[in-house]
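Data file: final-v3.cif. Format and content: mmCIF, C-alpha atoms.
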```
data_entry
loop_
_atom_site.label_atom_id
_atom_site.label_comp_id
_atom_site.auth_asym_id
_atom_site.auth_seq_id
_atom_site.Cartn_x
_atom_site.Cartn_y
_atom_site.Cartn_z
CA MET A 1 21.88 23.42 -20.47
CA ASN A 2 22.00 26.91 -19.03
CA PRO A 3 22.27 27.35 -15.24
CA VAL A 4 18.75 28.74 -14.78
CA ARG A 5 17.20 25.72 -16.45
CA LYS A 6 19.49 23.38 -14.56
CA LYS A 7 18.36 24.95 -11.28
CA ARG A 8 14.69 24.65 -12.24
CA LEU A 9 15.20 21.03 -13.24
CA PHE A 10 16.79 20.26 -9.86
CA ILE A 11 13.95 21.97 -7.98
CA VAL A 12 11.35 19.92 -9.86
CA LEU A 13 13.26 16.68 -9.33
CA ALA A 14 13.72 17.48 -5.63
CA ILE A 15 9.96 18.06 -5.24
CA LEU A 16 9.25 14.78 -7.01
CA ALA A 17 11.74 12.90 -4.81
CA GLY A 18 10.23 14.45 -1.67
CA VAL A 19 6.68 13.52 -2.64
CA GLY A 20 7.84 10.06 -3.65
CA ILE A 21 9.50 9.44 -0.28
CA ALA A 22 6.47 10.79 1.63
CA VAL A 23 4.09 8.51 -0.30
CA ALA A 24 6.41 5.51 0.12
CA LEU A 25 6.53 6.05 3.90
CA ALA A 26 2.76 6.47 4.13
CA LEU A 27 2.13 3.33 2.08
CA SER A 28 4.57 1.21 4.07
CA ALA A 29 2.90 2.41 7.29
CA LEU A 30 -0.48 1.42 5.84
CA GLN A 31 0.86 -1.86 4.42
CA GLN A 32 -1.57 -4.07 6.35
CA ASN A 33 -4.62 -1.93 5.66
CA ILE A 34 -4.04 -1.94 1.90
CA ASN A 35 -3.92 -5.73 1.68
CA LEU A 36 -7.30 -6.89 0.45
CA PHE A 37 -7.24 -10.14 2.43
CA TYR A 38 -5.42 -12.13 5.10
CA THR A 39 -3.79 -15.42 4.22
CA PRO A 40 -4.60 -18.51 6.37
CA THR A 41 -1.07 -18.28 7.86
CA GLN A 42 -1.69 -14.70 8.98
CA ILE A 43 -5.01 -15.73 10.56
CA ALA A 44 -3.37 -18.71 12.31
CA ASN A 45 -0.64 -16.42 13.67
CA GLY A 46 -3.26 -14.07 15.04
CA GLU A 47 -2.31 -11.19 12.73
CA ALA A 48 -5.92 -10.70 11.67
CA PRO A 49 -8.18 -8.70 14.02
CA GLU A 50 -10.64 -10.85 15.94
CA GLY A 51 -14.35 -10.28 16.24
CA THR A 52 -14.67 -8.11 13.14
CA ARG A 53 -15.39 -8.88 9.51
CA ILE A 54 -12.21 -9.80 7.64
CA ARG A 55 -11.33 -11.12 4.23
CA ALA A 56 -9.50 -14.42 3.96
CA GLY A 57 -7.87 -15.46 0.70
CA GLY A 58 -6.08 -18.50 -0.69
CA LEU A 59 -6.53 -21.53 -2.89
CA VAL A 60 -9.53 -23.84 -2.41
CA GLU A 61 -8.06 -27.14 -1.18
CA ASN A 62 -8.58 -30.13 -3.48
CA GLY A 63 -11.35 -32.46 -2.27
CA SER A 64 -12.46 -30.15 0.52
CA VAL A 65 -15.69 -28.78 -0.99
CA LYS A 66 -18.81 -30.16 0.75
CA ARG A 67 -22.19 -28.98 -0.48
CA GLY A 68 -25.20 -29.02 1.85
CA GLU A 69 -28.84 -28.03 1.51
CA ASN A 70 -30.03 -24.60 0.34
CA LEU A 71 -26.79 -23.67 -1.41
CA ALA A 72 -24.82 -24.12 1.80
CA VAL A 73 -21.20 -24.96 1.12
CA GLU A 74 -18.18 -25.64 3.26
CA PHE A 75 -14.61 -25.75 2.03
CA ARG A 76 -11.04 -25.26 3.15
CA VAL A 77 -8.74 -22.55 1.85
CA THR A 78 -4.99 -23.02 1.96
CA ASP A 79 -1.85 -21.03 1.26
CA GLY A 80 0.33 -24.13 1.35
CA ALA A 81 1.26 -23.79 5.04
CA GLU A 82 -2.03 -23.31 6.91
CA THR A 83 -5.69 -23.86 6.09
CA ILE A 84 -8.91 -22.24 7.23
CA THR A 85 -12.44 -23.64 6.95
CA ILE A 86 -14.99 -21.38 5.28
CA ARG A 87 -18.77 -21.75 5.44
CA TYR A 88 -20.95 -19.93 2.97
CA GLN A 89 -24.55 -19.93 1.85
CA GLY A 90 -25.37 -18.49 -1.53
CA ILE A 91 -24.39 -18.51 -5.18
CA LEU A 92 -20.69 -18.98 -5.83
CA PRO A 93 -18.99 -17.16 -8.73
CA ASP A 94 -18.56 -19.08 -12.01
CA LEU A 95 -14.83 -19.49 -11.53
CA PHE A 96 -15.20 -21.16 -8.11
CA ARG A 97 -13.72 -24.67 -8.16
CA GLU A 98 -11.10 -26.70 -6.36
CA GLY A 99 -7.61 -25.30 -6.80
CA GLN A 100 -8.95 -21.83 -7.58
CA GLY A 101 -7.88 -18.73 -5.67
CA ILE A 102 -10.76 -17.12 -3.77
CA VAL A 103 -11.36 -14.28 -1.31
CA ALA A 104 -14.10 -14.68 1.33
CA LEU A 105 -15.49 -11.86 3.46
CA GLY A 106 -16.88 -12.79 6.86
CA ARG A 107 -16.38 -13.29 10.58
CA VAL A 108 -14.21 -15.95 12.23
CA GLY A 109 -16.38 -17.99 14.62
CA ALA A 110 -15.44 -19.59 17.93
CA ASP A 111 -14.46 -22.85 16.19
CA GLY A 112 -11.94 -21.05 14.01
CA ALA A 113 -14.03 -21.31 10.84
CA LEU A 114 -14.87 -18.24 8.79
CA VAL A 115 -18.59 -17.72 8.16
CA ALA A 116 -18.61 -15.84 4.88
CA ASP A 117 -21.30 -13.62 3.45
CA GLU A 118 -19.42 -12.95 0.20
CA VAL A 119 -17.11 -15.17 -1.82
CA LEU A 120 -15.13 -13.71 -4.74
CA ALA A 121 -13.09 -15.75 -7.19
CA LYS A 122 -9.56 -14.57 -7.91
CA HIS A 123 -8.39 -15.01 -11.45
CA ASP A 124 -4.73 -15.70 -12.12
CA GLU A 125 -2.60 -14.20 -14.87
CA ASN A 126 -2.67 -17.34 -17.05
CA TYR A 127 -4.81 -17.58 -20.15
CA MET A 128 -5.08 -20.53 -22.50
CA PRO A 129 -7.48 -21.99 -25.04
CA PRO A 130 -9.61 -24.97 -23.86
CA GLU A 131 -7.81 -27.36 -26.22
CA VAL A 132 -4.50 -26.55 -24.58
CA SER A 133 -5.86 -27.12 -21.08
CA GLN A 134 -7.38 -30.44 -22.20
CA ALA A 135 -4.10 -31.51 -23.72
CA LEU A 136 -2.32 -30.56 -20.49
CA GLU A 137 -4.79 -32.65 -18.49
CA GLN A 138 -4.43 -35.67 -20.75
CA SER A 139 -0.67 -35.66 -20.55
CA GLY A 140 -0.82 -35.20 -16.78
CA MET A 141 0.92 -31.84 -17.06
CA MET A 142 -2.04 -29.96 -15.59
CA LYS A 143 -1.22 -31.31 -12.13
CA HIS A 144 2.33 -30.14 -12.57
CA TYR A 145 1.05 -26.76 -13.70
CA GLU A 146 -1.36 -26.45 -10.75
CA GLU A 147 1.44 -27.41 -8.36
CA GLY A 148 3.53 -24.68 -9.88
CA LYS A 149 0.71 -22.26 -9.06
CA GLN A 150 0.48 -23.54 -5.45
CA GLU A 151 4.22 -23.09 -5.17
CA TYR A 152 3.80 -19.55 -6.45
CA ALA A 153 0.98 -18.84 -3.98
CA LYS A 154 3.37 -19.46 -1.08
CA MET B 1 24.18 15.90 -29.53
CA ASN B 2 22.02 17.88 -31.87
CA TRP B 3 19.16 19.55 -30.02
CA THR B 4 17.77 21.71 -32.83
CA TRP B 5 14.73 19.46 -33.32
CA PHE B 6 13.90 19.90 -29.64
CA HIS B 7 14.11 23.69 -29.77
CA LYS B 8 12.21 23.75 -33.03
CA LEU B 9 9.30 22.13 -31.15
CA GLY B 10 8.96 25.42 -29.32
CA SER B 11 7.83 27.04 -32.56
CA PRO B 12 4.05 26.59 -33.03
CA LYS B 13 4.33 27.20 -36.76
CA TRP B 14 6.87 24.42 -37.23
CA PHE B 15 4.76 22.08 -35.10
CA TYR B 16 1.66 22.89 -37.14
CA GLU B 17 3.40 22.09 -40.39
CA ILE B 18 5.09 18.85 -39.27
CA SER B 19 2.01 17.51 -37.45
CA GLY B 20 -0.09 18.13 -40.57
CA ARG B 21 2.23 15.77 -42.41
CA TRP B 22 2.09 13.04 -39.72
CA LEU B 23 -1.63 13.19 -39.04
CA PRO B 24 -2.97 11.19 -42.02
CA TRP B 25 -0.43 8.40 -41.44
CA LEU B 26 -1.29 8.09 -37.76
CA GLY B 27 -5.02 8.25 -38.44
CA TRP B 28 -4.93 5.50 -41.05
CA ALA B 29 -2.60 3.34 -38.95
CA ALA B 30 -4.99 3.66 -35.99
CA LEU B 31 -8.03 2.80 -38.12
CA VAL B 32 -6.39 -0.25 -39.73
CA LEU B 33 -4.79 -1.58 -36.53
CA ILE B 34 -7.90 -1.17 -34.38
CA SER B 35 -10.27 -2.72 -36.92
CA VAL B 36 -7.90 -5.64 -37.58
CA GLY B 37 -7.30 -6.13 -33.84
CA LEU B 38 -11.01 -5.96 -32.97
CA VAL B 39 -12.13 -8.49 -35.58
CA TRP B 40 -9.19 -10.78 -34.82
CA GLY B 41 -9.56 -10.55 -31.05
CA LEU B 42 -13.34 -10.68 -30.80
CA ALA B 43 -14.04 -13.23 -33.52
CA PHE B 44 -10.96 -15.35 -34.26
CA ALA B 45 -8.86 -15.61 -31.11
CA PRO B 46 -9.55 -18.83 -29.16
CA GLU B 47 -11.66 -18.57 -26.02
CA ASP B 48 -10.17 -19.05 -22.56
CA TYR B 49 -10.40 -22.45 -20.84
CA GLN B 50 -11.83 -20.91 -17.64
CA GLN B 51 -13.61 -17.71 -18.54
CA GLY B 52 -14.89 -18.65 -21.99
CA ASN B 53 -15.72 -15.68 -24.16
CA SER B 54 -15.83 -13.12 -21.37
CA PHE B 55 -12.02 -12.88 -21.43
CA ARG B 56 -12.28 -11.08 -24.80
CA ILE B 57 -12.89 -7.82 -22.99
CA ILE B 58 -9.11 -7.89 -22.46
CA TYR B 59 -8.79 -6.56 -26.03
CA ILE B 60 -10.33 -3.26 -24.87
CA HIS B 61 -9.40 -3.28 -21.19
CA VAL B 62 -5.65 -3.81 -21.45
CA PRO B 63 -4.94 -1.29 -24.27
CA SER B 64 -6.99 1.40 -22.50
CA ALA B 65 -5.28 0.71 -19.17
CA PHE B 66 -1.85 0.90 -20.87
CA LEU B 67 -2.84 4.19 -22.48
CA ALA B 68 -4.26 5.60 -19.25
CA GLN B 69 -0.88 5.19 -17.57
CA SER B 70 1.33 6.14 -20.54
CA VAL B 71 -0.69 9.30 -21.13
CA TYR B 72 -0.17 10.32 -17.52
CA VAL B 73 3.59 9.80 -17.83
CA MET B 74 3.42 11.93 -20.98
CA LEU B 75 1.60 14.65 -19.01
CA ALA B 76 4.39 14.61 -16.43
CA VAL B 77 7.11 14.81 -19.09
CA ALA B 78 5.27 17.67 -20.79
CA GLY B 79 4.93 19.36 -17.40
CA LEU B 80 8.67 19.00 -16.77
CA VAL B 81 9.54 20.41 -20.20
CA GLY B 82 7.08 23.25 -19.63
CA LEU B 83 8.52 24.12 -16.22
CA VAL B 84 12.21 23.81 -17.05
CA TRP B 85 12.43 24.98 -20.67
CA LYS B 86 9.33 27.25 -20.55
CA MET B 87 8.08 25.74 -23.78
CA LYS B 88 4.53 26.85 -24.54
CA LEU B 89 3.81 23.86 -26.72
CA ALA B 90 4.37 21.59 -23.71
CA ASP B 91 1.41 23.23 -21.98
CA VAL B 92 -0.73 22.76 -25.08
CA ALA B 93 0.20 19.06 -25.12
CA LEU B 94 -0.51 18.68 -21.39
CA GLN B 95 -3.92 20.35 -21.55
CA GLN B 96 -5.00 18.50 -24.67
CA ALA B 97 -3.80 15.05 -23.61
CA ALA B 98 -5.46 15.11 -20.16
CA PRO B 99 -9.09 14.56 -21.34
CA ILE B 100 -7.99 11.69 -23.61
CA GLY B 101 -6.21 10.07 -20.68
CA ALA B 102 -9.25 10.55 -18.46
CA TRP B 103 -11.44 8.82 -21.05
CA MET B 104 -8.98 5.93 -21.32
CA THR B 105 -9.02 5.53 -17.53
CA CYS B 106 -12.85 5.56 -17.61
CA ILE B 107 -12.89 2.85 -20.29
CA ALA B 108 -10.40 0.73 -18.34
CA LEU B 109 -12.44 1.03 -15.13
CA LEU B 110 -15.78 0.34 -16.84
CA THR B 111 -14.59 -2.67 -18.87
CA GLY B 112 -12.87 -3.97 -15.74
CA ALA B 113 -16.12 -3.74 -13.79
CA VAL B 114 -18.06 -5.50 -16.56
CA TRP B 115 -15.46 -8.29 -16.55
CA GLY B 116 -15.25 -8.42 -12.76
CA LYS B 117 -18.94 -9.17 -12.25
CA PRO B 118 -18.97 -12.59 -13.98
CA THR B 119 -15.36 -13.50 -13.14
CA TRP B 120 -14.90 -12.38 -9.55
CA GLY B 121 -18.54 -12.04 -8.58
CA SER B 122 -18.34 -8.31 -7.88
CA TRP B 123 -18.43 -5.09 -9.92
CA TRP B 124 -16.02 -3.27 -7.65
CA VAL B 125 -13.61 -4.23 -4.89
CA TRP B 126 -11.49 -1.76 -2.94
CA ASP B 127 -8.23 -3.52 -3.66
CA ALA B 128 -4.97 -1.70 -4.30
CA ARG B 129 -5.00 -1.93 -8.10
CA LEU B 130 -8.58 -0.74 -8.55
CA THR B 131 -8.26 2.02 -5.99
CA SER B 132 -4.98 3.39 -7.40
CA MET B 133 -6.56 3.38 -10.86
CA LEU B 134 -9.50 5.40 -9.48
CA ILE B 135 -7.00 7.86 -7.97
CA LEU B 136 -5.44 8.18 -11.45
CA LEU B 137 -8.86 9.18 -12.81
CA PHE B 138 -9.20 11.83 -10.08
CA LEU B 139 -5.69 13.11 -10.89
CA TYR B 140 -6.77 13.56 -14.51
CA PHE B 141 -9.91 15.38 -13.32
CA GLY B 142 -7.68 17.56 -11.14
CA VAL B 143 -5.41 18.53 -14.03
CA ILE B 144 -8.38 19.30 -16.28
CA ALA B 145 -10.21 21.30 -13.60
CA LEU B 146 -7.08 23.24 -12.61
CA GLY B 147 -6.42 24.15 -16.24
CA HIS B 148 -9.92 25.58 -16.56
CA ALA B 149 -10.11 27.22 -13.12
CA ILE B 150 -7.15 29.60 -13.52
CA THR B 151 -7.70 32.35 -16.06
CA ASN B 152 -4.10 33.43 -16.46
CA ARG B 153 -2.60 31.02 -19.00
CA ASP B 154 0.92 31.03 -17.55
CA SER B 155 -0.13 30.40 -13.94
CA ALA B 156 -2.55 27.68 -15.07
CA ALA B 157 0.25 26.01 -17.05
CA LYS B 158 2.57 26.11 -14.05
CA ALA B 159 -0.04 24.72 -11.63
CA CYS B 160 -1.06 21.91 -13.99
CA ALA B 161 2.57 20.99 -14.65
CA VAL B 162 3.31 20.72 -10.91
CA LEU B 163 0.19 18.59 -10.32
CA ALA B 164 1.04 16.33 -13.28
CA ILE B 165 4.62 15.83 -12.05
CA VAL B 166 3.63 15.15 -8.44
CA GLY B 167 0.88 12.74 -9.52
CA VAL B 168 3.33 10.60 -11.47
CA VAL B 169 4.19 8.96 -8.11
CA ASN B 170 0.91 7.07 -8.54
CA ILE B 171 2.10 5.30 -11.71
CA PRO B 172 4.59 2.87 -10.08
CA ILE B 173 1.98 2.27 -7.36
CA ILE B 174 -0.53 1.16 -10.02
CA LYS B 175 2.09 -0.96 -11.76
CA TYR B 176 3.36 -2.78 -8.66
CA SER B 177 0.16 -2.76 -6.57
CA VAL B 178 -0.53 -6.37 -7.55
CA GLU B 179 2.91 -7.43 -6.31
CA TRP B 180 3.29 -5.35 -3.16
CA TRP B 181 -0.11 -6.17 -1.68
CA ASN B 182 -2.68 -8.96 -1.68
CA THR B 183 -5.15 -7.89 -4.34
CA LEU B 184 -8.06 -9.46 -6.14
CA HIS B 185 -6.71 -8.22 -9.46
CA GLN B 186 -4.32 -10.75 -10.99
CA PRO B 187 -0.62 -9.97 -11.50
CA ALA B 188 0.61 -8.88 -14.93
CA THR B 189 0.33 -11.45 -17.71
CA PHE B 190 3.01 -9.65 -19.71
CA LYS B 191 6.45 -9.04 -18.25
CA VAL B 192 9.46 -7.64 -20.03
CA THR B 193 11.76 -10.39 -18.79
CA GLU B 194 9.48 -13.43 -19.15
CA LYS B 195 7.41 -15.18 -21.75
CA PRO B 196 3.78 -13.99 -21.60
CA ALA B 197 1.46 -16.31 -19.65
CA MET B 198 -0.76 -16.49 -22.72
CA PRO B 199 -0.42 -18.31 -26.06
CA VAL B 200 0.66 -16.37 -29.14
CA GLU B 201 -2.75 -16.58 -30.88
CA MET B 202 -4.23 -14.71 -27.91
CA TRP B 203 -1.62 -12.01 -27.37
CA LEU B 204 -0.90 -11.15 -30.99
CA PRO B 205 -4.31 -9.50 -31.54
CA LEU B 206 -3.82 -7.78 -28.19
CA LEU B 207 -0.49 -6.36 -29.37
CA VAL B 208 -2.20 -5.09 -32.54
CA MET B 209 -4.89 -3.43 -30.41
CA VAL B 210 -2.32 -1.80 -28.11
CA LEU B 211 -0.41 -0.36 -31.10
CA GLY B 212 -3.73 0.76 -32.61
CA PHE B 213 -4.69 2.54 -29.38
CA TYR B 214 -1.31 4.33 -29.27
CA CYS B 215 -1.73 5.51 -32.88
CA PHE B 216 -5.30 6.57 -32.10
CA PHE B 217 -4.10 8.57 -29.10
CA ALA B 218 -1.32 10.22 -31.12
CA ALA B 219 -3.72 11.15 -33.93
CA VAL B 220 -6.39 12.57 -31.60
CA LEU B 221 -3.76 14.44 -29.57
CA LEU B 222 -2.24 16.04 -32.68
CA MET B 223 -5.69 17.06 -33.94
CA ARG B 224 -6.58 18.66 -30.59
CA MET B 225 -3.17 20.34 -30.29
CA ARG B 226 -3.37 21.78 -33.80
CA LEU B 227 -6.72 23.35 -33.04
CA GLU B 228 -5.45 24.74 -29.74
CA VAL B 229 -2.31 26.15 -31.43
CA LEU B 230 -4.49 27.95 -33.99
CA ARG B 231 -6.65 29.32 -31.17
CA ARG B 232 -3.74 30.54 -29.06
CA GLU B 233 -1.75 32.00 -31.96
CA SER B 234 -4.80 33.51 -33.61
CA ARG B 235 -3.06 36.91 -33.91
CA ALA B 236 -0.07 35.57 -35.86
CA SER B 237 -0.08 36.22 -39.59
CA TRP B 238 0.62 32.59 -40.54
CA VAL B 239 -2.47 31.47 -38.59
CA ARG B 240 -4.63 34.06 -40.34
CA SER B 241 -3.54 32.95 -43.78
CA GLU B 242 -3.93 29.28 -42.76
CA VAL B 243 -7.47 29.81 -41.48
CA ARG B 244 -8.35 31.88 -44.54
CA ALA B 245 -7.11 29.07 -46.80
CA LEU B 246 -9.09 26.47 -44.79
CA THR B 247 -12.36 28.39 -44.78
CA GLU B 248 -12.12 29.37 -48.44
CA GLY B 249 -11.43 25.75 -49.33
CA GLU B 250 -14.75 24.82 -47.79
CA ARG B 251 -16.80 27.29 -49.76
#
```

When written as structure tokens, how does the structure in this file appear?
Amino acid sequence: MNPVRKKRLFIVLAILAGVGIAVALALSALQQNINLFYTPTQIANGEAPEGTRIRAGGLVENGSVKRGENLAVEFRVTDGAETITIRYQGILPDLFREGQGIVALGRVGADGALVADEVLAKHDENYMPPEVSQALEQSGMMKHYEEGKQEYAK
Amino acid sequence: MNWTWFHKLGSPKWFYEISGRWLPWLGWAALVLISVGLVWGLAFAPEDYQQGNSFRIIYIHVPSAFLAQSVYVMLAVAGLVGLVWKMKLADVALQQAAPIGAWMTCIALLTGAVWGKPTWGSWWVWDARLTSMLILLFLYFGVIALGHAITNRDSAAKACAVLAIVGVVNIPIIKYSVEWWNTLHQPATFKVTEKPAMPVEMWLPLLVMVLGFYCFFAAVLLMRMRLEVLRRESRASWVRSEVRALTEGER
């Protein structure tokens, strides 16, 4: 490669490295603001701002869903270490069920429960045909598989 | 190492001849792969245990999202070649690939929104993956607009190349957004090092679709580049005879 081209190549690469470092610094400074939701552990540790609307995310705890009148629902969301109670009134997304990852937007009340006005279901990266999931359930492997997901969520 | 093929690429005439030979192959490959992949994916692949049939949008969403990012990397490489080796064909490739990439990003965003409504319960969420993908679309718009805004061809080429190279910083952000931050978008199902989190009868049609989309992109890009080469080299004698042969063939 002739020297002129080599010099141009270095200039371009230097610009790219500079921009890359600048963006990396900006993103790491904004780390908390880019996160879509707070985990129950972060809320318990007081990392989430109080008195404003926040998003809480985690897995719906097994056996914690209580349905009331007029589509009112109360459930607990866990990340394996801490849990937070969420109250919501409205239509839940199709994927909402126990063990599913969800993100709820709302305000944390005085009793430490989050009163949500929006609940979104989070889909995981696993896909399988219904026959496979039935087979997994029959052989008792589904529990193992779900535990693996809980483990991953930590 | 033998670099003659690389330097030959700088010659528009050579490019025009060689691309004319590749074009039919790429076009037919794209047609066959996409039609096989669509029928296989939409009609024969099993449905998902949670999402039912709505997961089938993956057969459009994932290939277009792959393309959207690969095309941008290609723009950056073309920009680098254009800046360092002053190759005019690199600018042609950059200008002609940008609109295709922008369309792919549009398709990925739209199909994602259509899938997000029933699955998540929302058309759009400002999470890191969705937002960085939207920034990619604006980067494409920026490259296209910059290319049209500057009249002088050489300055336009330089400006677009710099923008394309600087914007490539966004690509790793898109890729790793789902791992670095809490997002609503799920992490990647396909990883180079691990088995895909999807059975083979589901990902095989997806692979066919991805290959089909790449062939489609290559074919459309070559067609657009050939036209642009003819336009830019319209004074050269080989272009005149080529155009004369084409128009007389039609009569």

Any idea which chain A residues end up within 6 Å of chain B if we count all atoms listed in the file, as a VMD selection string please?
-> chain A and resid 5 8 to 9 16 20 35 to 36 93 120 to 130

Expected file contents, prior selection, C-alpha atoms, as an mmCIF file, in the coordinates of the input:
```cif
data_model
loop_
_atom_site.group_PDB
_atom_site.id
_atom_site.type_symbol
_atom_site.label_atom_id
_atom_site.label_comp_id
_atom_site.auth_asym_id
_atom_site.auth_seq_id
_atom_site.Cartn_x
_atom_site.Cartn_y
_atom_site.Cartn_z
ATOM 1 C CA ARG A 5 17.200 25.720 -16.450
ATOM 2 C CA ARG A 8 14.690 24.650 -12.240
ATOM 3 C CA LEU A 9 15.200 21.030 -13.240
ATOM 4 C CA LEU A 16 9.250 14.780 -7.010
ATOM 5 C CA GLY A 20 7.840 10.060 -3.650
ATOM 6 C CA ASN A 35 -3.920 -5.730 1.680
ATOM 7 C CA LEU A 36 -7.300 -6.890 0.450
ATOM 8 C CA PRO A 93 -18.990 -17.160 -8.730
ATOM 9 C CA LEU A 120 -15.130 -13.710 -4.740
ATOM 10 C CA ALA A 121 -13.090 -15.750 -7.190
ATOM 11 C CA LYS A 122 -9.560 -14.570 -7.910
ATOM 12 C CA HIS A 123 -8.390 -15.010 -11.450
ATOM 13 C CA ASP A 124 -4.730 -15.700 -12.120
ATOM 14 C CA GLU A 125 -2.600 -14.200 -14.870
ATOM 15 C CA ASN A 126 -2.670 -17.340 -17.050
ATOM 16 C CA TYR A 127 -4.810 -17.580 -20.150
ATOM 17 C CA MET A 128 -5.080 -20.530 -22.500
ATOM 18 C CA PRO A 129 -7.480 -21.990 -25.040
ATOM 19 C CA PRO A 130 -9.610 -24.970 -23.860
#
```

For this file, the PyMOL selection byres ((chain B and resi 212) around 10) selects which residues, as an mmCIF file with C-alpha atoms, in the frame of the given file?
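Contents of part-v3.cif, as written:
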```
data_model
loop_
_atom_site.group_PDB
_atom_site.id
_atom_site.type_symbol
_atom_site.label_atom_id
_atom_site.label_comp_id
_atom_site.auth_asym_id
_atom_site.auth_seq_id
_atom_site.Cartn_x
_atom_site.Cartn_y
_atom_site.Cartn_z
ATOM 1 C CA LEU B 26 -1.290 8.090 -37.760
ATOM 2 C CA GLY B 27 -5.020 8.250 -38.440
ATOM 3 C CA TRP B 28 -4.930 5.500 -41.050
ATOM 4 C CA ALA B 29 -2.600 3.340 -38.950
ATOM 5 C CA ALA B 30 -4.990 3.660 -35.990
ATOM 6 C CA LEU B 31 -8.030 2.800 -38.120
ATOM 7 C CA VAL B 32 -6.390 -0.250 -39.730
ATOM 8 C CA LEU B 33 -4.790 -1.580 -36.530
ATOM 9 C CA ILE B 34 -7.900 -1.170 -34.380
ATOM 10 C CA SER B 35 -10.270 -2.720 -36.920
ATOM 11 C CA VAL B 36 -7.900 -5.640 -37.580
ATOM 12 C CA GLY B 37 -7.300 -6.130 -33.840
ATOM 13 C CA LEU B 38 -11.010 -5.960 -32.970
ATOM 14 C CA PRO B 63 -4.940 -1.290 -24.270
ATOM 15 C CA LEU B 206 -3.820 -7.780 -28.190
ATOM 16 C CA LEU B 207 -0.490 -6.360 -29.370
ATOM 17 C CA VAL B 208 -2.200 -5.090 -32.540
ATOM 18 C CA MET B 209 -4.890 -3.430 -30.410
ATOM 19 C CA VAL B 210 -2.320 -1.800 -28.110
ATOM 20 C CA LEU B 211 -0.410 -0.360 -31.100
ATOM 21 C CA PHE B 213 -4.690 2.540 -29.380
ATOM 22 C CA TYR B 214 -1.310 4.330 -29.270
ATOM 23 C CA CYS B 215 -1.730 5.510 -32.880
ATOM 24 C CA PHE B 216 -5.300 6.570 -32.100
ATOM 25 C CA PHE B 217 -4.100 8.570 -29.100
ATOM 26 C CA ALA B 218 -1.320 10.220 -31.120
#
```

Around all listed atoms of stretch 55-67 of chain B, padded 8 Å per side, what centre and edge lengths does the axis-aligned box have in Å to one decimal, as JSON?
```
{"center_x": -7.4, "center_y": -4.3, "center_z": -22.6, "size_x": 27.0, "size_y": 33.1, "size_z": 22.9}
```

Tell me, as a PyMOL selection string, which residues lie within 10 Å of stretch 70-75 of chain B, counting all atoms listed in the file; anything in the same chain fewer than 4 positions away does not count.
-> chain B and resi 64-66+79-81+90-91+93-102+104-105+136-137+139-140+143+160-161+163-165+167-171+214+217

Let me see the file: selected residues, C-alpha atoms, as an mmCIF file, in the coordinates of the input.
```
data_model
loop_
_atom_site.group_PDB
_atom_site.id
_atom_site.type_symbol
_atom_site.label_atom_id
_atom_site.label_comp_id
_atom_site.auth_asym_id
_atom_site.auth_seq_id
_atom_site.Cartn_x
_atom_site.Cartn_y
_atom_site.Cartn_z
ATOM 1 C CA SER B 64 -6.990 1.400 -22.500
ATOM 2 C CA ALA B 65 -5.280 0.710 -19.170
ATOM 3 C CA PHE B 66 -1.850 0.900 -20.870
ATOM 4 C CA GLY B 79 4.930 19.360 -17.400
ATOM 5 C CA LEU B 80 8.670 19.000 -16.770
ATOM 6 C CA VAL B 81 9.540 20.410 -20.200
ATOM 7 C CA ALA B 90 4.370 21.590 -23.710
ATOM 8 C CA ASP B 91 1.410 23.230 -21.980
ATOM 9 C CA ALA B 93 0.200 19.060 -25.120
ATOM 10 C CA LEU B 94 -0.510 18.680 -21.390
ATOM 11 C CA GLN B 95 -3.920 20.350 -21.550
ATOM 12 C CA GLN B 96 -5.000 18.500 -24.670
ATOM 13 C CA ALA B 97 -3.800 15.050 -23.610
ATOM 14 C CA ALA B 98 -5.460 15.110 -20.160
ATOM 15 C CA PRO B 99 -9.090 14.560 -21.340
ATOM 16 C CA ILE B 100 -7.990 11.690 -23.610
ATOM 17 C CA GLY B 101 -6.210 10.070 -20.680
ATOM 18 C CA ALA B 102 -9.250 10.550 -18.460
ATOM 19 C CA MET B 104 -8.980 5.930 -21.320
ATOM 20 C CA THR B 105 -9.020 5.530 -17.530
ATOM 21 C CA LEU B 136 -5.440 8.180 -11.450
ATOM 22 C CA LEU B 137 -8.860 9.180 -12.810
ATOM 23 C CA LEU B 139 -5.690 13.110 -10.890
ATOM 24 C CA TYR B 140 -6.770 13.560 -14.510
ATOM 25 C CA VAL B 143 -5.410 18.530 -14.030
ATOM 26 C CA CYS B 160 -1.060 21.910 -13.990
ATOM 27 C CA ALA B 161 2.570 20.990 -14.650
ATOM 28 C CA LEU B 163 0.190 18.590 -10.320
ATOM 29 C CA ALA B 164 1.040 16.330 -13.280
ATOM 30 C CA ILE B 165 4.620 15.830 -12.050
ATOM 31 C CA GLY B 167 0.880 12.740 -9.520
ATOM 32 C CA VAL B 168 3.330 10.600 -11.470
ATOM 33 C CA VAL B 169 4.190 8.960 -8.110
ATOM 34 C CA ASN B 170 0.910 7.070 -8.540
ATOM 35 C CA ILE B 171 2.100 5.300 -11.710
ATOM 36 C CA TYR B 214 -1.310 4.330 -29.270
ATOM 37 C CA PHE B 217 -4.100 8.570 -29.100
#
```

Any chance you could work out the residue set of the PyMOL selection byres ((chain B and resi 4-20) around 7) here, as a PyMOL selection string?
-> chain B and resi 2-3+21-23+87-89+222+226+229

Given the PyMOL selection byres ((chain A and resi 66) around 12), the residues it picks as a PyMOL selection string | chain A and resi 60-65+67-69+71-76+85-89+97-98
